[in-house]
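Structure file model.txt (compact mmCIF, C-alpha atoms) is printed below.
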# COMPACT_ATOMS: atom_id res chain seq x y z
CA MET A 26 -3.91 19.13 12.32
CA ARG A 27 -3.79 16.94 15.44
CA SER A 28 -2.77 13.30 15.57
CA LYS A 29 -4.22 10.85 18.11
CA HIS A 30 -1.86 8.70 20.16
CA ALA A 31 -2.35 6.50 23.18
CA GLU A 32 -0.95 9.21 25.45
CA GLY A 33 -3.27 11.88 24.07
CA ILE A 34 -3.39 14.25 21.12
CA ARG A 35 -0.19 15.47 19.48
CA PRO A 36 -0.33 18.56 17.27
CA VAL A 37 1.43 18.32 13.89
CA ALA A 38 2.21 21.15 11.52
CA SER A 39 1.06 19.38 8.35
CA LEU A 40 -0.15 16.13 6.87
CA GLN A 41 3.23 15.62 5.24
CA GLU A 42 5.00 15.93 8.58
CA PHE A 43 2.55 13.48 10.13
CA PHE A 44 3.01 10.90 7.37
CA LYS A 45 6.78 11.34 7.35
CA ASP A 46 6.92 10.36 11.02
CA SER A 47 4.31 7.63 10.54
CA VAL A 48 6.12 6.02 7.60
CA ALA A 49 9.48 6.11 9.40
CA ASP A 50 8.00 4.54 12.54
CA ALA A 51 6.10 1.86 10.58
CA MET A 52 9.15 0.97 8.46
CA GLU A 53 11.25 0.55 11.58
CA LYS A 54 8.60 -1.56 13.29
CA GLN A 55 8.13 -3.77 10.21
CA GLY A 56 11.87 -4.05 9.54
CA VAL A 57 11.54 -2.54 6.06
CA ASP A 58 14.68 -0.92 4.69
CA ALA A 59 14.40 1.37 1.67
CA ASP A 60 16.12 4.26 -0.04
CA ASP A 61 15.20 7.68 1.35
CA HIS A 62 13.78 8.68 -2.02
CA THR A 63 11.41 5.71 -1.95
CA SER A 64 10.14 6.39 1.56
CA TYR A 65 9.69 10.06 0.65
CA TYR A 66 7.65 9.01 -2.38
CA VAL A 67 5.37 6.98 -0.11
CA VAL A 68 5.00 9.96 2.23
CA ASN A 69 3.94 12.16 -0.69
CA LEU A 70 1.55 9.45 -1.93
CA LEU A 71 -0.20 9.34 1.45
CA THR A 72 -0.33 13.13 1.64
CA LEU A 73 -1.92 13.28 -1.81
CA PHE A 74 -4.47 10.51 -1.21
CA ALA A 75 -5.48 12.07 2.10
CA ARG A 76 -7.59 14.26 -0.18
CA SER A 77 -10.37 11.90 -1.20
CA GLU A 78 -10.89 13.44 -4.64
CA LYS A 79 -7.39 12.28 -5.61
CA LEU A 80 -8.33 8.64 -4.98
CA TYR A 81 -12.03 8.46 -5.72
CA GLU A 82 -13.64 9.02 -9.07
CA ARG A 83 -17.32 9.58 -9.51
CA SER A 84 -19.23 7.32 -11.85
CA GLY A 85 -22.81 6.29 -12.39
CA GLU A 86 -22.43 3.87 -9.49
CA GLY A 87 -21.16 6.52 -7.11
CA PRO A 88 -17.69 7.55 -5.96
CA GLY A 89 -14.95 4.96 -5.70
CA PRO A 90 -11.46 4.05 -6.89
CA GLN A 91 -11.30 3.33 -10.61
CA PRO A 92 -11.11 -0.47 -11.15
CA LEU A 93 -7.54 -1.62 -11.74
CA ALA A 94 -8.52 -3.57 -14.85
CA LEU A 95 -9.82 -0.36 -16.41
CA LEU A 96 -6.64 1.49 -15.52
CA LEU A 97 -4.60 -1.32 -17.08
CA ALA A 98 -6.70 -1.12 -20.25
CA GLU A 99 -6.29 2.65 -20.27
CA ALA A 100 -2.51 2.27 -20.03
CA ALA A 101 -2.48 -0.27 -22.86
CA GLY A 102 -4.49 2.06 -25.09
CA ALA A 103 -2.63 5.26 -24.17
CA PRO A 104 -1.84 7.49 -27.17
CA ASP A 105 1.77 8.10 -26.12
CA PRO A 106 4.41 6.79 -23.67
CA GLN A 107 4.04 9.74 -21.31
CA THR A 108 0.32 9.16 -20.86
CA ARG A 109 0.87 5.42 -20.46
CA ASN A 110 3.42 6.00 -17.71
CA LEU A 111 1.15 8.41 -15.85
CA VAL A 112 -1.65 5.81 -15.88
CA LEU A 113 0.73 3.06 -14.72
CA GLN A 114 1.91 5.29 -11.89
CA HIS A 115 -1.68 5.96 -10.84
CA LEU A 116 -2.37 2.22 -10.99
CA GLY A 117 0.61 1.47 -8.76
CA ASP A 118 -0.17 4.28 -6.33
CA THR A 119 -3.84 3.32 -6.05
CA SER A 120 -3.02 -0.36 -5.56
CA LEU A 121 -0.55 0.41 -2.78
CA PHE A 122 -2.87 2.78 -0.93
CA VAL A 123 -5.96 0.56 -1.17
CA ALA A 124 -4.10 -2.67 -0.32
CA GLY A 125 -2.52 -1.04 2.71
CA PHE A 126 -5.45 0.88 4.14
CA PHE A 127 -8.50 -1.07 2.99
CA GLN A 128 -7.42 -4.72 2.85
CA ASP A 129 -10.01 -5.75 5.45
CA ALA A 130 -12.74 -4.54 3.09
CA PHE A 131 -11.79 -7.31 0.65
CA ALA A 132 -12.91 -10.08 2.99
CA ARG A 133 -15.37 -12.39 1.24
CA LYS A 134 -15.02 -10.43 -2.01
CA LEU A 135 -14.12 -11.89 -5.40
CA VAL A 136 -11.05 -9.64 -5.60
CA ASP A 137 -8.75 -9.73 -2.58
CA VAL A 138 -5.63 -7.90 -1.47
CA ASP A 139 -3.29 -10.27 -3.35
CA TYR A 140 -4.79 -9.02 -6.62
CA TYR A 141 -3.90 -5.42 -5.70
CA ILE A 142 -0.39 -6.47 -4.71
CA GLU A 143 0.15 -8.29 -8.00
CA MET A 144 -1.27 -5.45 -10.11
CA GLY A 145 0.52 -2.69 -8.22
CA GLY A 146 3.90 -4.39 -8.21
CA ALA A 147 3.63 -5.14 -11.93
CA ALA A 148 2.64 -1.52 -12.69
CA TYR A 149 5.65 -0.11 -10.85
CA GLY A 150 7.90 -2.68 -12.52
CA SER A 151 6.69 -1.73 -15.99
CA LEU A 152 7.00 1.93 -15.14
CA SER A 153 10.58 1.48 -13.98
CA ALA A 154 11.49 -0.19 -17.26
CA ASN A 155 9.63 2.40 -19.34
CA VAL A 156 11.41 5.42 -17.85
CA ARG A 157 14.89 3.89 -17.99
CA GLY A 158 17.29 6.20 -19.80
CA THR A 159 14.99 9.24 -19.53
CA VAL A 160 15.24 12.35 -17.36
CA ARG A 161 12.31 11.08 -15.28
CA GLY A 162 13.99 7.72 -15.02
CA ARG A 163 17.09 9.24 -13.48
CA ALA A 164 14.89 10.85 -10.83
CA PHE A 165 12.34 8.10 -10.20
CA GLY A 166 13.51 4.91 -11.91
CA GLY A 167 15.10 3.55 -8.75
CA VAL A 168 12.05 4.47 -6.68
CA PHE A 169 9.65 2.63 -8.98
CA ALA A 170 11.97 -0.39 -9.15
CA GLU A 171 12.21 -0.60 -5.35
CA LEU A 172 8.46 -0.23 -4.94
CA ALA A 173 7.99 -3.07 -7.43
CA ARG A 174 10.40 -5.33 -5.49
CA LYS A 175 9.09 -4.42 -2.04
CA PHE A 176 5.43 -3.79 -2.82
CA ARG A 177 4.17 -6.31 -0.26
CA ASP A 178 6.50 -4.83 2.38
CA PHE A 179 5.11 -1.34 1.81
CA VAL A 180 1.57 -2.69 1.98
CA ASP A 181 2.50 -3.90 5.47
CA VAL A 182 3.92 -0.45 6.28
CA LEU A 183 0.68 1.25 5.30
CA ALA A 184 -1.37 -1.33 7.21
CA GLU A 185 0.76 -0.60 10.28
CA ILE A 186 0.04 3.13 9.92
CA ARG A 187 -3.67 2.39 9.55
CA ASP A 188 -3.81 0.22 12.65
CA SER A 189 -1.72 2.60 14.77
CA GLY A 190 -4.58 5.09 14.64
CA ARG A 191 -7.43 2.65 15.17
CA PHE A 192 -7.17 1.96 18.90
CA ALA A 193 -9.06 -1.25 18.15
CA HIS A 194 -8.48 -4.15 20.53
CA HIS A 195 -10.32 -6.65 18.36
CA ILE A 196 -8.23 -8.61 15.86
CA ASP A 197 -9.99 -10.59 13.16
CA ILE A 198 -7.85 -13.74 13.37
CA LEU A 199 -9.49 -15.51 10.43
CA ARG A 200 -9.08 -12.49 8.16
CA LEU A 201 -5.48 -12.03 9.31
CA TYR A 202 -4.72 -15.66 8.51
CA GLU A 203 -6.41 -15.30 5.12
CA VAL A 204 -4.26 -12.27 4.30
CA TRP A 205 -1.14 -14.21 5.30
CA LEU A 206 -2.12 -17.18 3.13
CA LYS A 207 -2.74 -15.01 0.08
CA THR A 208 0.15 -12.55 0.38
CA GLY A 209 2.78 -14.01 2.69
CA SER A 210 2.64 -10.78 4.72
CA LEU A 211 5.36 -10.82 7.38
CA ARG A 212 3.32 -8.37 9.42
CA ALA A 213 0.29 -10.67 9.37
CA ALA A 214 2.50 -13.57 10.48
CA ARG A 215 3.87 -11.55 13.41
CA LEU A 216 0.37 -10.51 14.48
CA LEU A 217 -0.81 -14.11 14.32
CA ARG A 218 2.10 -15.21 16.51
CA SER A 219 1.27 -12.42 18.97
CA GLN A 220 -2.14 -14.10 19.31
CA GLY A 221 -0.55 -17.49 19.94
CA ILE A 222 -1.08 -18.80 16.39
CA GLU A 223 1.85 -20.11 14.37
CA PRO A 224 1.24 -19.83 10.58
CA ASN A 225 1.42 -23.28 9.02
CA SER A 226 4.68 -23.41 7.07
CA THR A 227 3.29 -26.11 4.79
CA LEU A 228 0.83 -23.51 3.50
CA ASP A 229 3.46 -20.76 3.10
CA PRO A 230 2.44 -18.79 -0.03
CA ALA A 231 6.08 -18.64 -1.13
CA THR A 232 6.08 -22.42 -1.56
CA ARG A 233 2.61 -22.90 -2.97
CA HIS A 234 2.08 -23.48 -6.70
Can I see the file as structure tokens?
Amino acid sequence: MRSKHAEGIRPVASLQEFFKDSVADAMEKQGVDADDHTSYYVVNLLTLFARSEKLYERSGEGPGPQPLALLLAEAAGAPDPQTRNLVLQHLGDTSLFVAGFFQDAFARKLVDVDYYIEMGGAAYGSLSANVRGTVRGRAFGGVFAELARKFRDFVDVLAEIRDSGRFAHHIDILRLYEVWLKTGSLRAARLLRSQGIEPNSTLDPATRH
């Protein structure tokens, strides 16, 4: 596989190698600090979802991610804890990937990126609590807990990876401001400032009720 960069095309041995470098670079640029196990989980998530069949499910309306509300209902009606946790993990993973890579697609839609952030963070939080004290919890409990706490930060990391490969010079200022208003994204705030726009602190999502 070859990865595009401003200076040309750089060959990479595998998708996992590419995403490992991309996640590390984006975390550094966004100032996101996380346990190595958590960043490695995100690398594996991106590697997995690079295969479209792992993200999209075919239905009568065509291929697309399964609606989060349906995943939540599926988790609530799961026949056993193991199945419930697998569905919650898929809900969290899907929310993170879609919110990071496809947030611009939510513009002027009824459901926006803040919905995915809320649902994904809650799914990882529930999952962390559910696996506590189990063998899986010892391996992944801390990862799920950190993803729940820093979900918005990792959405910014994925958005940074997405934009690093776009080579697009056009920035949708109104959409960027809308994302900042709804999510408090530090990345969106920095991009706005780079365009000479200071986000209005009186509308800071952290202080709105």
### Query
For Asp178 in chain A, which of A:Glu42, A:Asp58, A:Asp129, A:Asp50 is the closest residue, counting only C-alpha atoms?
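Of A:Glu42, A:Asp58, A:Asp129, A:Asp50, the one nearest Asp178 in chain A is A:Asp58, counting only C-alpha atoms.
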### Residue nearest Asp181 in chain A among A:Glu53, A:Asp105, A:Asp46, A:Asp137 (counting all atoms listed in the file)
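Nearest to Asp181 in chain A: A:Glu53.
Minimum atom-to-atom distance to Thr72 in chain A, evaluated using only C-alpha atoms, belongs to A:Lys45 out of A:Arg200, A:Arg109, A:His115, A:Lys45.
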### Between CA of Leu116 in chain A and CA of Glu99 in chain A - distance in Å to one decimal
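So the answer is 10.1 Å.
Checking A:Gly150, A:Gly125, A:Gly167, A:Gly117 one by one against Ala59 in chain A, counting only C-alpha atoms, you find the shortest gap at A:Gly167.
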### Query
Between CA of Gly158 in chain A and CA of Phe74 in chain A, what is the spacing in Å?
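So the two atoms, CA of Phe74 in chain A and CA of Gly158 in chain A, lie 28.9 Å apart.
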### Selection: 9 Å around Val168 in chain A, only C-alpha atoms, excl. self and same-chain fewer than 5 positions, as number ranges by chain
A: 60, 62-64, 66, 149, 153, 173
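The nearest approach to Phe127 in chain A among the residues A:Arg215, A:Ser151, A:Thr159, A:Tyr141, with only C-alpha atoms taken into account, belongs to A:Tyr141.
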### Task
Please indicate the distance in Å from CA of Gly162 in chain A to CA of Gly146 in chain A, rounded to one decimal place.
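These atoms are spaced 17.2 Å apart.
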### Query
In terms of the shortest atom-to-atom distance over all atoms listed in the file, which of A:Lys207, A:Arg177, A:Arg163, A:Arg218 is closest to Phe122 in chain A?
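Selected residue with least distance to Phe122 in chain A: A:Arg177.
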### Task
May I have the residues within 12 Å of Leu95 in chain A as number ranges by chain, using all atoms listed in the file and disregarding those fewer than 3 positions away in the same chain?
A: 90-92, 98-103, 112-113, 115-116, 144
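The environment of Ala75 in chain A within 12 Å, counting all atoms listed in the file and disregarding residues fewer than 6 places along the same chain, consists of A:Ser39, A:Leu40, A:Gln41, A:Phe43, A:Phe44, A:Val68, A:Asn69, A:Tyr81, A:Phe122, A:Val123, A:Phe126.
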### Message
Can you pull out the residues contacting Gln128 in chain A? Cut-off 9 Å, using only C-alpha atoms, and skip same-chain residues under 4 positions away; I want them as a PyMOL selection string.
### Response
chain A and resi 123-124+132+137-138+184+204
